[in-house]
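Participant: If you scroll down you'll find the structure; I have some questions about it.
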Amino acid sequence: MTNEPTKLWGGRFSRNTDAMMDDFHSSIRFDSRMYRQDILGSIAHAGMLGKTGIIPAEDAILIGKTLREILSDIEEGKVAFTVSAEDIHMNVETILIDRIGDVGKRLHTGRSRNDQVALDIRLYLRDEITRLDRLLHELIRVLLETAEANLNTIMPGYTHLQRAQPITLAHHLMAYVQMFGRDRERLADCRKRLNVMPLGSGALAGTTYPLDRMMVAQELDFDAITENSLDGVSDRDFVLELAADLSIEMVHLSRFSEEIILWSSAEFAFIELDDAYSTGSSIMPQKKNPDAAELVRGKSGRVFGDLMGLLTVMKGLPLAYNKDMQEDKEAIFDAVDTVCGCLPIFSRMVATMRVKPKTMRKAAAGGFTNATDIADYLVKKGMPFRESHEVIGHMVAHCIGAGCAIEELSLDELKTFSPLIEEDVYGAISLETCVEGRLLPGGPARGAVEAAIRSAQAKLAQ
Ligand code: ARG
């Protein structure tokens, strides 16, 4: 048995790579998932090579036709990739050459794997951004539906996790609609910088062939071409940016998860999760655990880790391509897969949870959430706010001692704190009045929340 080099790049080598080395540097294990993007990129490249006369037109046609056959064979599971062909790019090229011989060897004219991989990852992540956006769209739709059903569901709003002022569940959910809406905007923004076509950058210094870069860009639906060949092959900003965007999205999902976990505890009992999205304990028969929310909260750590890993891989790299950059794939694939795994479960969990308006209301009625409104009541009767804050502070302290709510004090008792207090105080501090009075745009009053819902629905319909 000879040890003749068998690689596509084997010409200058006199011996084959060690099997352990093949295994170590090969990326086919994880980049095979880009087969579609790799083939579509090659079809566009070959088509351009034929149209510009860089290779014979009939060769370009045969290459394109064979690549399409390879694509459908891969999709039908008829193709096995090999570690010895290293990565998806050379696997596809090797299969092409196996099928059409010397004609296939013309495909890589004017191209390097460095600009090829830069193209493939852009195409791949562009598709993933579309998928992520659809999943976010569905989550926002579920939240809007749940908000509309809970416009009158009063609950305590919190600061420092201490009951603060009454709001509605609709208003609370609409905060997340804002957050996930920004996540969609961030993805769309990332797509703009990603959607730039790098082929023609060559290995690092472009190429002497008269490639028509714009033709390839149009064929593959890119908005523009990269403007510097070194940057074209070594830019992974869009990978970092997507990982950062996904990290922020996971922060949002994780905060929401934390609230769902709290709310479904017996201590809060604001919601009950559906059995379909909860799990039990192997030892404690009574347990019903919010595992879906806990896993989403936990998986945020993975995505942040992916971002940190990517930043660290890139930070010390000299221009242009370095093999370190092959490490970008597993991290960004993992981040995308993780978020794509979390979003549908989260949407279903929220869509099926049972809201308990009575416990929410009871919690809002305790904890003096109307204290600000009584202070404001005195201000409206002429007292300076800083003074009314002090007066109501004393009133709250008294009620804590007496174990009652402010509205449970008699008018005479109330008057001992300020003679400005009259019978109309009771109406002024009911939970409904507290919520409905906050009708500025962005506030929790029903009309303001309805306006926010309509505005979010309009964005969703775009
Ligand atoms: N598999 C490589 C990657 O993912 C493709 C580019 C390799 N280029 C090279 N000259 N080794 O980055």
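In the structure tokens, each chain is lettered A, B, ... as it comes, each chain's residues begin at 1, and ligands are numbered from 1 in order of appearance.
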List every residue of range 1-174 of chain A that DSSP, applied to the backbone, labels as strand (DSSP E or B), and write the result as a VMD selection string.
Facilitator: chain A and resid 154 to 159 162 to 168
Participant: Would you output that residue set with N, CA and C atoms, as a PDB file, in the first residue's frame?
Facilitator:
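Result file is part18.pdb:
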ATOM      1  N   ILE A 154     -55.978  42.522  37.088  1.00  0.00           N
ATOM      2  CA  ILE A 154     -55.097  43.373  37.910  1.00  0.00           C
ATOM      3  C   ILE A 154     -54.107  42.520  38.686  1.00  0.00           C
ATOM      4  N   MET A 155     -52.882  42.959  38.691  1.00  0.00           N
ATOM      5  CA  MET A 155     -51.826  42.266  39.451  1.00  0.00           C
ATOM      6  C   MET A 155     -50.900  43.324  40.041  1.00  0.00           C
ATOM      7  N   PRO A 156     -50.104  42.946  41.029  1.00  0.00           N
ATOM      8  CA  PRO A 156     -49.149  43.932  41.531  1.00  0.00           C
ATOM      9  C   PRO A 156     -47.993  44.087  40.557  1.00  0.00           C
ATOM     10  N   GLY A 157     -47.548  45.318  40.316  1.00  0.00           N
ATOM     11  CA  GLY A 157     -46.270  45.530  39.644  1.00  0.00           C
ATOM     12  C   GLY A 157     -45.214  45.575  40.744  1.00  0.00           C
ATOM     13  N   TYR A 158     -44.004  45.181  40.433  1.00  0.00           N
ATOM     14  CA  TYR A 158     -42.963  45.071  41.456  1.00  0.00           C
ATOM     15  C   TYR A 158     -41.763  45.954  41.128  1.00  0.00           C
ATOM     16  N   THR A 159     -41.116  46.459  42.161  1.00  0.00           N
ATOM     17  CA  THR A 159     -39.726  46.886  42.032  1.00  0.00           C
ATOM     18  C   THR A 159     -39.013  46.234  43.208  1.00  0.00           C
ATOM     19  N   GLN A 162     -40.619  43.736  45.446  1.00  0.00           N
ATOM     20  CA  GLN A 162     -41.567  44.155  46.482  1.00  0.00           C
ATOM     21  C   GLN A 162     -42.761  44.768  45.750  1.00  0.00           C
ATOM     22  N   ARG A 163     -43.955  44.475  46.265  1.00  0.00           N
ATOM     23  CA  ARG A 163     -45.143  45.009  45.600  1.00  0.00           C
ATOM     24  C   ARG A 163     -45.066  46.534  45.547  1.00  0.00           C
ATOM     25  N   ALA A 164     -45.326  47.097  44.371  1.00  0.00           N
ATOM     26  CA  ALA A 164     -45.081  48.531  44.179  1.00  0.00           C
ATOM     27  C   ALA A 164     -46.354  49.292  43.828  1.00  0.00           C
ATOM     28  N   GLN A 165     -46.900  49.035  42.636  1.00  0.00           N
ATOM     29  CA  GLN A 165     -48.121  49.710  42.201  1.00  0.00           C
ATOM     30  C   GLN A 165     -48.925  48.720  41.375  1.00  0.00           C
ATOM     31  N   PRO A 166     -50.252  48.865  41.375  1.00  0.00           N
ATOM     32  CA  PRO A 166     -51.046  47.912  40.596  1.00  0.00           C
ATOM     33  C   PRO A 166     -50.920  48.162  39.098  1.00  0.00           C
ATOM     34  N   ILE A 167     -50.858  47.067  38.368  1.00  0.00           N
ATOM     35  CA  ILE A 167     -50.855  47.118  36.898  1.00  0.00           C
ATOM     36  C   ILE A 167     -51.808  46.018  36.419  1.00  0.00           C
ATOM     37  N   THR A 168     -51.790  45.723  35.137  1.00  0.00           N
ATOM     38  CA  THR A 168     -52.549  44.554  34.675  1.00  0.00           C
ATOM     39  C   THR A 168     -51.572  43.549  34.073  1.00  0.00           C
TER      40      THR A 168
END
Participant: Let's see if you can do this: from backbone DSSP, list all helix (DSSP H, G or I) residues in range 122-190 of chain A, as number ranges by chain.
Facilitator: A: 122-149, 169-190
Participant: Residues of the last selection are to be written out with N, CA and C atoms, as a tab-separated table (two decimals), in the first residue's frame.
Facilitator:
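For reference, selection_34.tsv as written:
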chain	number	residue	atom	x	y	z
A	122	ARG	N	-22.46	32.97	5.60
A	122	ARG	CA	-23.41	34.08	5.46
A	122	ARG	C	-24.75	33.56	4.95
A	123	LEU	N	-24.69	32.71	3.91
A	123	LEU	CA	-25.94	32.16	3.37
A	123	LEU	C	-26.68	31.34	4.42
A	124	TYR	N	-25.90	30.54	5.16
A	124	TYR	CA	-26.53	29.67	6.17
A	124	TYR	C	-27.20	30.50	7.27
A	125	LEU	N	-26.46	31.48	7.78
A	125	LEU	CA	-27.03	32.27	8.89
A	125	LEU	C	-28.18	33.15	8.41
A	126	ARG	N	-28.14	33.55	7.14
A	126	ARG	CA	-29.25	34.33	6.60
A	126	ARG	C	-30.55	33.50	6.68
A	127	ASP	N	-30.46	32.24	6.31
A	127	ASP	CA	-31.63	31.35	6.42
A	127	ASP	C	-32.06	31.18	7.88
A	128	GLU	N	-31.08	31.07	8.76
A	128	GLU	CA	-31.40	30.87	10.18
A	128	GLU	C	-32.06	32.11	10.77
A	129	ILE	N	-31.65	33.29	10.31
A	129	ILE	CA	-32.26	34.53	10.80
A	129	ILE	C	-33.75	34.54	10.40
A	130	THR	N	-34.04	34.07	9.20
A	130	THR	CA	-35.44	33.99	8.77
A	130	THR	C	-36.23	33.06	9.70
A	131	ARG	N	-35.61	31.92	10.05
A	131	ARG	CA	-36.29	30.97	10.93
A	131	ARG	C	-36.48	31.58	12.33
A	132	LEU	N	-35.44	32.21	12.84
A	132	LEU	CA	-35.52	32.83	14.17
A	132	LEU	C	-36.62	33.90	14.20
A	133	ASP	N	-36.69	34.67	13.13
A	133	ASP	CA	-37.68	35.74	13.09
A	133	ASP	C	-39.10	35.17	13.11
A	134	ARG	N	-39.31	34.07	12.39
A	134	ARG	CA	-40.64	33.45	12.40
A	134	ARG	C	-41.03	32.97	13.78
A	135	LEU	N	-40.05	32.41	14.49
A	135	LEU	CA	-40.33	31.90	15.83
A	135	LEU	C	-40.63	33.04	16.80
A	136	LEU	N	-39.90	34.14	16.65
A	136	LEU	CA	-40.17	35.32	17.50
A	136	LEU	C	-41.54	35.91	17.18
A	137	HIS	N	-41.86	35.92	15.90
A	137	HIS	CA	-43.16	36.41	15.45
A	137	HIS	C	-44.28	35.63	16.15
A	138	GLU	N	-44.13	34.32	16.20
A	138	GLU	CA	-45.15	33.47	16.82
A	138	GLU	C	-45.24	33.76	18.33
A	139	LEU	N	-44.10	33.93	18.98
A	139	LEU	CA	-44.13	34.22	20.41
A	139	LEU	C	-44.85	35.55	20.67
A	140	ILE	N	-44.57	36.55	19.88
A	140	ILE	CA	-45.21	37.85	20.06
A	140	ILE	C	-46.72	37.72	19.82
A	141	ARG	N	-47.09	36.92	18.83
A	141	ARG	CA	-48.52	36.70	18.55
A	141	ARG	C	-49.22	36.10	19.77
A	142	VAL	N	-48.59	35.11	20.37
A	142	VAL	CA	-49.15	34.48	21.57
A	142	VAL	C	-49.27	35.49	22.71
A	143	LEU	N	-48.24	36.30	22.87
A	143	LEU	CA	-48.26	37.28	23.96
A	143	LEU	C	-49.37	38.31	23.75
A	144	LEU	N	-49.56	38.73	22.51
A	144	LEU	CA	-50.62	39.71	22.22
A	144	LEU	C	-52.00	39.12	22.50
A	145	GLU	N	-52.15	37.86	22.13
A	145	GLU	CA	-53.43	37.19	22.37
A	145	GLU	C	-53.69	37.08	23.89
A	146	THR	N	-52.67	36.71	24.63
A	146	THR	CA	-52.81	36.57	26.09
A	146	THR	C	-53.04	37.94	26.73
A	147	ALA	N	-52.38	38.95	26.21
A	147	ALA	CA	-52.56	40.31	26.75
A	147	ALA	C	-54.00	40.77	26.52
A	148	GLU	N	-54.52	40.54	25.32
A	148	GLU	CA	-55.89	40.97	25.03
A	148	GLU	C	-56.90	40.30	25.96
A	149	ALA	N	-56.61	39.07	26.34
A	149	ALA	CA	-57.53	38.34	27.22
A	149	ALA	C	-57.39	38.80	28.67
A	169	LEU	N	-52.03	42.31	34.00
A	169	LEU	CA	-51.20	41.28	33.38
A	169	LEU	C	-50.93	41.65	31.92
A	170	ALA	N	-51.94	42.24	31.28
A	170	ALA	CA	-51.75	42.66	29.88
A	170	ALA	C	-50.57	43.62	29.77
A	171	HIS	N	-50.51	44.57	30.68
A	171	HIS	CA	-49.43	45.56	30.64
A	171	HIS	C	-48.08	44.88	30.86
A	172	HIS	N	-48.05	43.95	31.80
A	172	HIS	CA	-46.82	43.22	32.10
A	172	HIS	C	-46.36	42.44	30.86
A	173	LEU	N	-47.28	41.73	30.23
A	173	LEU	CA	-46.93	40.94	29.04
A	173	LEU	C	-46.46	41.84	27.90
A	174	MET	N	-47.07	43.01	27.82
A	174	MET	CA	-46.70	43.92	26.73
A	174	MET	C	-45.26	44.45	26.87
A	175	ALA	N	-44.74	44.42	28.10
A	175	ALA	CA	-43.32	44.77	28.27
A	175	ALA	C	-42.46	43.77	27.49
A	176	TYR	N	-42.83	42.50	27.58
A	176	TYR	CA	-42.06	41.48	26.84
A	176	TYR	C	-42.27	41.60	25.33
A	177	VAL	N	-43.45	42.05	24.94
A	177	VAL	CA	-43.68	42.26	23.50
A	177	VAL	C	-42.69	43.31	22.98
A	178	GLN	N	-42.46	44.35	23.79
A	178	GLN	CA	-41.46	45.36	23.40
A	178	GLN	C	-40.08	44.73	23.27
A	179	MET	N	-39.72	43.91	24.27
A	179	MET	CA	-38.38	43.31	24.28
A	179	MET	C	-38.18	42.39	23.07
A	180	PHE	N	-39.17	41.53	22.83
A	180	PHE	CA	-39.02	40.59	21.70
A	180	PHE	C	-39.14	41.34	20.36
A	181	GLY	N	-39.86	42.45	20.37
A	181	GLY	CA	-39.92	43.27	19.16
A	181	GLY	C	-38.55	43.85	18.84
A	182	ARG	N	-37.83	44.29	19.88
A	182	ARG	CA	-36.47	44.79	19.65
A	182	ARG	C	-35.55	43.66	19.18
A	183	ASP	N	-35.79	42.46	19.70
A	183	ASP	CA	-34.97	41.32	19.25
A	183	ASP	C	-35.15	41.09	17.75
A	184	ARG	N	-36.36	41.25	17.28
A	184	ARG	CA	-36.61	41.10	15.84
A	184	ARG	C	-35.87	42.20	15.06
A	185	GLU	N	-35.92	43.42	15.59
A	185	GLU	CA	-35.23	44.52	14.90
A	185	GLU	C	-33.72	44.27	14.85
A	186	ARG	N	-33.19	43.73	15.95
A	186	ARG	CA	-31.75	43.46	15.98
A	186	ARG	C	-31.37	42.41	14.93
A	187	LEU	N	-32.22	41.39	14.79
A	187	LEU	CA	-31.94	40.36	13.77
A	187	LEU	C	-31.96	40.98	12.37
A	188	ALA	N	-32.95	41.83	12.14
A	188	ALA	CA	-33.06	42.45	10.81
A	188	ALA	C	-31.84	43.33	10.54
A	189	ASP	N	-31.36	43.97	11.58
A	189	ASP	CA	-30.19	44.84	11.46
A	189	ASP	C	-28.93	44.02	11.18
A	190	CYS	N	-28.81	42.90	11.88
A	190	CYS	CA	-27.66	42.01	11.68
A	190	CYS	C	-27.67	41.49	10.25
Participant: Counting only C-alpha atoms and all ligand atoms, which protein, DNA or RNA residues come within 8 Å of ligand 1, given as a PyMOL selection string?
Facilitator: chain A and resi 26-28+31+86-89+112-117+203+321-329
Participant: Write to file, as a CSV table (one decimal), in the first residue's frame, the residues of the selection just made, with N, CA, C and O atoms.
Facilitator:
chain,number,residue,atom,x,y,z
A,26,SER,N,-10.4,18.2,10.5
A,26,SER,CA,-11.6,18.1,9.6
A,26,SER,C,-12.8,18.8,10.3
A,26,SER,O,-13.0,18.7,11.5
A,27,SER,N,-13.6,19.4,9.5
A,27,SER,CA,-14.8,20.1,10.1
A,27,SER,C,-16.1,19.5,9.5
A,27,SER,O,-17.2,20.0,9.8
A,28,ILE,N,-16.0,18.4,8.7
A,28,ILE,CA,-17.2,17.9,8.1
A,28,ILE,C,-18.3,17.5,9.1
A,28,ILE,O,-19.5,17.6,8.8
A,31,ASP,N,-19.7,21.0,9.7
A,31,ASP,CA,-20.1,21.9,8.7
A,31,ASP,C,-20.9,21.3,7.5
A,31,ASP,O,-21.4,22.0,6.6
A,86,GLU,N,-12.0,16.5,4.5
A,86,GLU,CA,-12.0,17.7,5.4
A,86,GLU,C,-13.3,18.4,5.8
A,86,GLU,O,-13.8,18.4,6.9
A,87,ASP,N,-13.8,19.1,4.8
A,87,ASP,CA,-15.0,19.9,5.1
A,87,ASP,C,-16.0,19.8,4.0
A,87,ASP,O,-15.9,19.1,3.0
A,88,ILE,N,-17.1,20.5,4.2
A,88,ILE,CA,-18.2,20.4,3.3
A,88,ILE,C,-17.8,20.9,1.9
A,88,ILE,O,-18.2,20.3,0.8
A,89,HIS,N,-17.0,21.9,1.8
A,89,HIS,CA,-16.6,22.5,0.5
A,89,HIS,C,-15.8,21.4,-0.3
A,89,HIS,O,-16.1,21.2,-1.5
A,112,SER,N,-11.3,30.5,-3.5
A,112,SER,CA,-10.6,29.9,-2.4
A,112,SER,C,-11.6,29.4,-1.4
A,112,SER,O,-12.7,29.9,-1.4
A,113,ARG,N,-11.2,28.4,-0.7
A,113,ARG,CA,-12.1,28.0,0.4
A,113,ARG,C,-12.3,29.1,1.4
A,113,ARG,O,-13.3,29.1,2.1
A,114,ASN,N,-11.4,30.0,1.4
A,114,ASN,CA,-11.5,31.1,2.4
A,114,ASN,C,-12.7,32.0,2.1
A,114,ASN,O,-13.5,32.4,2.9
A,115,ASP,N,-12.8,32.4,0.8
A,115,ASP,CA,-14.0,33.2,0.4
A,115,ASP,C,-15.3,32.3,0.3
A,115,ASP,O,-16.4,32.7,0.5
A,116,GLN,N,-15.0,31.0,0.0
A,116,GLN,CA,-16.2,30.1,-0.1
A,116,GLN,C,-16.8,29.9,1.3
A,116,GLN,O,-18.1,29.9,1.4
A,117,VAL,N,-16.0,29.7,2.3
A,117,VAL,CA,-16.6,29.4,3.6
A,117,VAL,C,-17.3,30.7,4.1
A,117,VAL,O,-18.3,30.7,4.8
A,203,ALA,N,-8.2,33.9,-1.8
A,203,ALA,CA,-7.7,33.4,-0.5
A,203,ALA,C,-7.5,34.6,0.5
A,203,ALA,O,-7.7,34.5,1.7
A,321,TYR,N,-7.4,35.1,6.7
A,321,TYR,CA,-8.0,33.9,7.2
A,321,TYR,C,-7.0,33.2,8.1
A,321,TYR,O,-5.8,33.1,7.8
A,322,ASN,N,-7.5,32.6,9.1
A,322,ASN,CA,-6.7,31.7,10.0
A,322,ASN,C,-7.6,30.5,10.3
A,322,ASN,O,-8.8,30.7,10.4
A,323,LYS,N,-7.0,29.4,10.5
A,323,LYS,CA,-7.8,28.2,10.7
A,323,LYS,C,-8.6,28.2,12.0
A,323,LYS,O,-9.6,27.6,12.1
A,324,ASP,N,-8.1,29.1,12.9
A,324,ASP,CA,-8.9,29.3,14.1
A,324,ASP,C,-10.4,29.5,13.8
A,324,ASP,O,-11.3,29.2,14.6
A,325,MET,N,-10.6,30.2,12.7
A,325,MET,CA,-11.9,30.7,12.4
A,325,MET,C,-12.9,29.5,12.1
A,325,MET,O,-14.1,29.7,12.1
A,326,GLN,N,-12.3,28.3,11.8
A,326,GLN,CA,-13.2,27.2,11.7
A,326,GLN,C,-14.0,26.9,13.0
A,326,GLN,O,-15.0,26.3,12.9
A,327,GLU,N,-13.4,27.4,14.1
A,327,GLU,CA,-14.1,27.2,15.4
A,327,GLU,C,-15.3,28.1,15.5
A,327,GLU,O,-16.0,28.0,16.5
A,328,ASP,N,-15.6,29.0,14.5
A,328,ASP,CA,-16.8,29.8,14.7
A,328,ASP,C,-18.1,29.0,14.5
A,328,ASP,O,-19.1,29.3,15.1
A,329,LYS,N,-18.0,27.9,13.8
A,329,LYS,CA,-19.2,27.2,13.4
A,329,LYS,C,-20.0,26.5,14.5
A,329,LYS,O,-21.2,26.8,14.7
Participant: Identify, on the basis of only C-alpha atoms, every residue whose closest approach to Leu62 in chain A does not exceed 9 Å; exclude the query and any residue fewer than 6 positions from it along the same chain; express the result as a PyMOL selection string.
Facilitator: chain A and resi 100+103-104
Participant: For Asp235 in chain A, which of A:Ala458, A:Pro318, A:Arg302, A:Thr312 is the closest residue, counting only C-alpha atoms?
Facilitator: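 For Asp235 in chain A, the nearest of the given residues is A:Pro318.
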Participant: For Arg297 in chain A, find every residue with an atom within 10 Å (counting only C-alpha atoms), except residues of its own chain fewer than 5 positions away, and show them as a list in words.
Facilitator: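 Listed by chain and then number, they are Met250, Val251, His252, Leu253, Ser254, Arg255, Phe256, Ser257, Glu258, Ile261, Asp291, Ala292, Arg302 and Cys342 of chain A.
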Participant: How would the residues just picked look written out with N, CA, C and O atoms as a compact mmCIF listing (two decimals), in the first residue's frame?
Facilitator:
# COMPACT_ATOMS: atom_id res chain seq x y z
N MET A 250 -31.88 35.75 24.71
CA MET A 250 -31.94 34.77 25.80
C MET A 250 -32.06 35.46 27.16
O MET A 250 -32.64 34.89 28.08
N VAL A 251 -31.50 36.66 27.30
CA VAL A 251 -31.70 37.42 28.54
C VAL A 251 -33.20 37.65 28.73
O VAL A 251 -33.74 37.46 29.82
N HIS A 252 -33.86 38.03 27.65
CA HIS A 252 -35.30 38.29 27.74
C HIS A 252 -36.07 37.02 28.09
O HIS A 252 -36.94 37.03 28.97
N LEU A 253 -35.74 35.94 27.39
CA LEU A 253 -36.44 34.68 27.67
C LEU A 253 -36.16 34.20 29.09
O LEU A 253 -37.03 33.65 29.77
N SER A 254 -34.93 34.45 29.54
CA SER A 254 -34.55 33.99 30.87
C SER A 254 -35.26 34.81 31.97
O SER A 254 -35.70 34.26 32.98
N ARG A 255 -35.38 36.10 31.76
CA ARG A 255 -36.10 36.94 32.76
C ARG A 255 -37.57 36.52 32.83
O ARG A 255 -38.16 36.43 33.90
N PHE A 256 -38.14 36.29 31.65
CA PHE A 256 -39.53 35.87 31.59
C PHE A 256 -39.69 34.50 32.28
O PHE A 256 -40.63 34.26 33.04
N SER A 257 -38.74 33.62 32.02
CA SER A 257 -38.77 32.29 32.64
C SER A 257 -38.75 32.41 34.15
O SER A 257 -39.51 31.73 34.86
N GLU A 258 -37.88 33.27 34.63
CA GLU A 258 -37.78 33.47 36.09
C GLU A 258 -39.13 33.89 36.67
O GLU A 258 -39.56 33.40 37.71
N ILE A 261 -41.53 30.96 36.66
CA ILE A 261 -41.19 30.03 37.75
C ILE A 261 -41.72 30.56 39.08
O ILE A 261 -42.35 29.83 39.86
N ASP A 291 -40.24 22.89 34.46
CA ASP A 291 -38.96 22.56 33.81
C ASP A 291 -38.69 23.33 32.53
O ASP A 291 -37.54 23.66 32.23
N ALA A 292 -39.74 23.54 31.75
CA ALA A 292 -39.52 24.21 30.47
C ALA A 292 -38.91 25.59 30.72
O ALA A 292 -37.91 25.98 30.10
N ARG A 302 -25.63 28.78 28.00
CA ARG A 302 -24.96 28.20 26.82
C ARG A 302 -24.71 29.26 25.76
O ARG A 302 -23.64 29.35 25.17
N CYS A 342 -35.62 26.84 22.16
CA CYS A 342 -36.33 27.47 23.29
C CYS A 342 -37.63 28.16 22.85
O CYS A 342 -38.64 28.07 23.56
Participant: Write out as an MDAnalysis selection string which residues come within 12 Å of range 406-418 of chain A when counting only C-alpha atoms, dropping same-chain ones fewer than 2 positions away.
Facilitator: chainID A and resid 365:375 377:379 381:383 387:404 420:431
Participant: For CA of Gly41 in chain A and CA of Glu75 in chain A, determine how far apart the two atoms are, in Å to one decimal place.
Facilitator: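 Going from CA of Gly41 in chain A over to CA of Glu75 in chain A, I get 16.7 Å.
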Participant: Please compute the CA of Ser14 in chain A-CA of Asp102 in chain A distance, one decimal, in Å.
Facilitator: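 Pair CA of Ser14 in chain A / CA of Asp102 in chain A returns 22.9 Å.
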Participant: Would you please work out which residue, of A:Arg354, A:Ser42, A:Gly202, A:Lys315, is nearest to Phe270 in chain A when using only C-alpha atoms?
Facilitator: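 With only C-alpha atoms as the atom set, the closest residue is A:Arg354.
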Participant: So what do you get for CA of Tyr209 in chain A versus CA of Gly10 in chain A, distance-wise?
Facilitator: 23.4 Å
Participant: Could you check which of A:Phe81, A:Trp263, A:Phe238, A:Phe268 is closest to Leu307 in chain A, using only C-alpha atoms?
Facilitator: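 Closest to Leu307 in chain A of all the choices is A:Phe238.
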Participant: Here is a test: counting only C-alpha atoms, which residue of A:Ala80, A:Ile63, A:Ala205, A:Ala217 is nearest to Glu93 in chain A?
Facilitator: A:Ile63
Participant: Write out as a list in words each polymer residue whose atoms come within 12 Å of Leu96 in chain A, counting only C-alpha atoms; drop sequence neighbours fewer than 4 positions from it.
Facilitator: Ile39, Ser42, Ile43, Leu62, Ile63, Gly64, Lys65, Thr66, Leu67, Arg68, Glu69, Ile70, Leu71, Asp73, Val79, His89, Met90, Asn91, Val92, Ile100, Gly101, Asp102, Val103, Gly104, Lys105, Arg106, Leu107 and His108 of chain A
Participant: Give me a file of those residues, with N, CA and C atoms, as a short mmCIF file (atom, residue, chain, number, x, y, z; two decimals), in the first residue's frame.
Facilitator:
data_model
loop_
_atom_site.label_atom_id
_atom_site.label_comp_id
_atom_site.auth_asym_id
_atom_site.auth_seq_id
_atom_site.Cartn_x
_atom_site.Cartn_y
_atom_site.Cartn_z
N ILE A 39 -23.56 24.28 -2.05
CA ILE A 39 -23.87 23.90 -3.43
C ILE A 39 -24.51 25.07 -4.19
N SER A 42 -21.82 27.37 -5.14
CA SER A 42 -21.01 26.84 -6.24
C SER A 42 -21.76 26.92 -7.57
N ILE A 43 -23.06 26.69 -7.53
CA ILE A 43 -23.84 26.79 -8.77
C ILE A 43 -23.77 28.23 -9.32
N LEU A 62 -22.69 21.72 -17.27
CA LEU A 62 -22.58 20.37 -16.70
C LEU A 62 -22.30 20.43 -15.20
N ILE A 63 -21.46 21.37 -14.80
CA ILE A 63 -21.15 21.51 -13.36
C ILE A 63 -22.43 21.86 -12.60
N GLY A 64 -23.17 22.83 -13.13
CA GLY A 64 -24.41 23.26 -12.45
C GLY A 64 -25.40 22.11 -12.34
N LYS A 65 -25.56 21.38 -13.43
CA LYS A 65 -26.53 20.28 -13.47
C LYS A 65 -26.11 19.19 -12.47
N THR A 66 -24.81 18.87 -12.47
CA THR A 66 -24.34 17.82 -11.57
C THR A 66 -24.45 18.25 -10.10
N LEU A 67 -24.17 19.52 -9.84
CA LEU A 67 -24.30 20.01 -8.46
C LEU A 67 -25.74 19.89 -7.98
N ARG A 68 -26.68 20.17 -8.88
CA ARG A 68 -28.09 20.03 -8.50
C ARG A 68 -28.44 18.58 -8.21
N GLU A 69 -27.84 17.67 -8.98
CA GLU A 69 -28.07 16.23 -8.72
C GLU A 69 -27.47 15.84 -7.37
N ILE A 70 -26.28 16.37 -7.09
CA ILE A 70 -25.64 16.06 -5.80
C ILE A 70 -26.51 16.57 -4.66
N LEU A 71 -27.05 17.78 -4.85
CA LEU A 71 -27.91 18.36 -3.81
C LEU A 71 -29.09 17.43 -3.52
N ASP A 73 -29.35 14.27 -4.18
CA ASP A 73 -28.86 13.00 -3.61
C ASP A 73 -28.56 13.15 -2.11
N VAL A 79 -25.77 10.21 -0.04
CA VAL A 79 -24.36 10.62 -0.11
C VAL A 79 -23.71 10.48 1.26
N HIS A 89 -16.95 21.88 1.83
CA HIS A 89 -16.56 22.45 0.54
C HIS A 89 -15.82 21.42 -0.31
N MET A 90 -14.86 20.75 0.31
CA MET A 90 -14.06 19.78 -0.46
C MET A 90 -14.79 18.45 -0.62
N ASN A 91 -15.70 18.15 0.28
CA ASN A 91 -16.51 16.95 0.07
C ASN A 91 -17.35 17.09 -1.18
N VAL A 92 -18.02 18.24 -1.30
CA VAL A 92 -18.88 18.45 -2.47
C VAL A 92 -18.03 18.46 -3.74
N ILE A 100 -17.96 13.84 -12.72
CA ILE A 100 -17.75 14.37 -14.09
C ILE A 100 -16.28 14.63 -14.43
N GLY A 101 -15.39 14.10 -13.61
CA GLY A 101 -13.96 14.14 -13.93
C GLY A 101 -13.40 15.53 -14.13
N ASP A 102 -12.63 15.70 -15.20
CA ASP A 102 -11.89 16.94 -15.41
C ASP A 102 -12.75 18.20 -15.47
N VAL A 103 -13.97 18.07 -15.97
CA VAL A 103 -14.84 19.25 -16.02
C VAL A 103 -15.08 19.78 -14.60
N GLY A 104 -15.28 18.85 -13.67
CA GLY A 104 -15.52 19.23 -12.27
C GLY A 104 -14.34 19.98 -11.68
N LYS A 105 -13.15 19.69 -12.20
CA LYS A 105 -11.95 20.34 -11.67
C LYS A 105 -11.89 21.82 -12.02
N ARG A 106 -12.79 22.29 -12.89
CA ARG A 106 -12.79 23.71 -13.26
C ARG A 106 -13.59 24.58 -12.27
N LEU A 107 -14.40 23.94 -11.44
CA LEU A 107 -15.28 24.71 -10.55
C LEU A 107 -14.54 25.71 -9.66
N HIS A 108 -13.40 25.29 -9.11
CA HIS A 108 -12.74 26.11 -8.09
C HIS A 108 -11.90 27.25 -8.70
#
Participant: I need the residue nearest Leu161 in chain A from this list: A:Val239, A:Val339, A:Val313, A:Leu262. Use only C-alpha atoms for the distance.
Facilitator: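 Answer, going by the shortest atom-to-atom distance: A:Leu262.
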Participant: Might you pull out every residue within 7 Å of Thr279 in chain A, with only C-alpha atoms counted and same-chain residues fewer than 5 positions away left off, and present them as a list in words?
Facilitator: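 Residues meeting the cut-off are Lys288, Asn289, Pro290 and Asp291 of chain A.
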